[in-house]
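Okay, structure first, notes after.
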Amino acid sequence: MPALSWRHHTLIQALLSRGPLPEADFKSIFHVVTEKSPAAHQQLFNEFLRKINAELAYVQFELRACKNQYDGSVYYGVVNNVSDDQSKLGTKYSVPQIAFYKAMIEAIVQDGAEGSISKIQAINIRLENQVLNDSSSQSQTESTQVPAAFRNFSMSQKEKTIEELVRDSWLCLTSDGKVGLGVRSFLDLRSWFRSNEVPSCQFCNEAAVKVESCPNSNCNVRIHKYCLTMKFSQRKAEKVCPGCRTDWPFILAKVEKVEEEDQVPRKKGRRTYQEVGTDNPRTTASQNTANSPPRLTRRSSRLQSAS
């Protein structure tokens, strides 16, 4: 297989140095280095990603895309496919910080459809419980099982850790100030979601962290809001649960309705005067006739001279 070109290396380096990038930014870099638009050359764009991943696979890395489940935006990033938890966060974070992060993601995915927890809930998480849950030995006492670094991990340290994790995109702060999963977590923890049996979206089969639940309390179907919008905005789509067929209340946003109306072609030949930016020609002509001085002709001038 031919070696990667400088263009491939530029894309990889941009993701490694800047972290996960929004789709528009990543495709803009692709456009600059290749002088090709991804929209017009989708096959070339896909081939670039395939070739990069073929090389990254040797070191168990992968260039991957994911959706931010809180707003539906797409991000690209390079992820580590090694499944051990410490390797996911590298060596920047201490062992207590990694345990605290793991405890928070467990609390967030167990929260239900909201996919977030309050800061108070996060700060009150006890790392002792995390260690006891992970420990396979039950013969020792709690004081010997829990390291001193875990017992002494203070609330201020937890607050600082949350700030660092948000800054590094492992966590995020939602619009209502709660703690949710960051883009890096959605990118890196795909295998963790599956191994921990986190429910998946009925449509896209990705982890259902921030989702809409079926109105039927006896049904376990969960769907991302952006998946619902894509599915139910289709003209002939039935607005029912794909699992139990219960009616699913869904209201299309006004902005989306306006965009659909703007795409409807107008009939040719009839345009209002307001659309073309002019006044009604009939009204304008009558106004000009009423306001303009009388026109002087040769006949009227002879009559005036004779009189």
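Labeling convention for the structure tokens: chains A, B, ... as they appear, residues from 1 per chain, ligands from 1 in order of appearance.
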
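Of the residues in segment 83-259 of chain A, those that DSSP places in strand (DSSP E or B) on the basis of the backbone are A:Ser116, A:Ile117, A:Leu171, A:Cys172, A:Leu173, A:Val179, A:Gly180, A:Leu181, A:Ser200, A:Ala207, A:Glu212, A:Ser213, A:Arg222, A:Ile223, A:Val240, A:Asp247.
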
With only C-alpha atoms as the basis for distance, which of A:Phe250, A:Arg64, A:Ser28, A:Ala40 is at the shortest distance from Ala237 of chain A? A:Phe250

List the neighbours of Arg245 of chain A out to 12 Å using only C-alpha atoms; skip same-chain residues closer than 2 positions along the sequence, and give me the result as number ranges by chain. A: 214-216, 219, 221, 238-243, 247-248

Show me a table, sorted first by chain and then by increasing residue number, of the residues of segment 176-261 of chain A having an atom at most 7 Å from segment 165-169 of chain A, each with its shortest atom pair and the distance in Å to one decimal, counting only C-alpha atoms and written as CSV.
```
residue,atom,partner,partner_atom,distance
A:Gly182,CA,A:Ser169,CA,4.8
A:Val183,CA,A:Ser169,CA,5.7
A:Arg184,CA,A:Ser169,CA,5.6
```

Skip Phe153 of chain A itself and residues of its chain fewer than 3 positions away, then list as a PDB file with C-alpha atoms, in the first residue's frame all residues within 10 Å of it, counting only C-alpha atoms.
```
ATOM      1  CA  PRO A  96      -8.484   9.275  41.270  1.00  0.00           C
ATOM      2  CA  GLN A  97      -9.476  11.629  38.444  1.00  0.00           C
ATOM      3  CA  PHE A 100     -14.107  10.034  39.158  1.00  0.00           C
ATOM      4  CA  ARG A 126     -18.048   8.741  46.363  1.00  0.00           C
ATOM      5  CA  LEU A 127     -14.933   7.208  44.877  1.00  0.00           C
ATOM      6  CA  ALA A 148      -5.753   7.169  50.567  1.00  0.00           C
ATOM      7  CA  ALA A 149      -5.739   9.219  47.340  1.00  0.00           C
ATOM      8  CA  PHE A 150      -9.381   8.228  46.791  1.00  0.00           C
ATOM      9  CA  SER A 156     -12.609  21.241  45.282  1.00  0.00           C
ATOM     10  CA  GLN A 157     -10.513  18.639  43.456  1.00  0.00           C
ATOM     11  CA  LYS A 158     -13.685  17.207  41.945  1.00  0.00           C
TER      12      LYS A 158
END
```

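Comparing the minimum interatomic distances between Cys204 of chain A and each of A:Leu11, A:Ala3, A:Leu181, A:Leu228, counting only C-alpha atoms, we find that A:Leu228 sits nearest.
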
One decimal, Å: what's the distance from atom CA of Phe186 of chain A over to atom CA of Cys66 of chain A, could you say?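 Answer for the atom CA of Phe186 of chain A to atom CA of Cys66 of chain A separation: 6.7 Å.
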
Atom CA of Arg222 of chain A to atom CA of Ala207 of chain A: how many Å, to one decimal?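 Computing the Euclidean distance for atom CA of Arg222 of chain A and atom CA of Ala207 of chain A yields 9.6 Å.
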
Could you tell me which of A:Ser37, A:Asn53, A:Asn220, A:Gln43 comes closest to Ile12 of chain A if we count only C-alpha atoms?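 With only C-alpha atoms as the atom set, the closest residue is A:Asn53.
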
Enumerate, in order of chain and increasing residue number, the residues of segment 86-124 of chain A with an atom no farther than 12 Å from segment 170-176 of chain A, each with its shortest atom pair and distance in Å to one decimal, counting only C-alpha atoms, as CSV.
```
residue,atom,partner,partner_atom,distance
A:Lys88,CA,A:Trp170,CA,10.1
A:Leu89,CA,A:Trp170,CA,8.8
A:Tyr93,CA,A:Trp170,CA,11.8
A:Ile98,CA,A:Trp170,CA,11.1
A:Phe100,CA,A:Leu171,CA,12.0
A:Tyr101,CA,A:Trp170,CA,8.7
A:Lys102,CA,A:Trp170,CA,10.8
A:Met104,CA,A:Leu171,CA,9.3
A:Ile105,CA,A:Leu171,CA,8.8
A:Ile108,CA,A:Leu171,CA,10.5
A:Glu114,CA,A:Thr174,CA,10.3
A:Gly115,CA,A:Thr174,CA,9.7
A:Ser116,CA,A:Thr174,CA,7.8
A:Ile117,CA,A:Thr174,CA,9.6
A:Ser118,CA,A:Asp176,CA,9.2
A:Lys119,CA,A:Leu173,CA,9.3
A:Ala122,CA,A:Leu171,CA,11.6
```

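Using only C-alpha atoms, the nearest neighbour of Phe26 of chain A within the list A:Val74, A:Cys201, A:Leu56, A:Leu44 is A:Val74.
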
At what distance in Å, to one decimal, does atom CA of Leu49 of chain A lie from atom CA of Phe61 of chain A?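 That distance, rounded to one decimal, is 12.6 Å.
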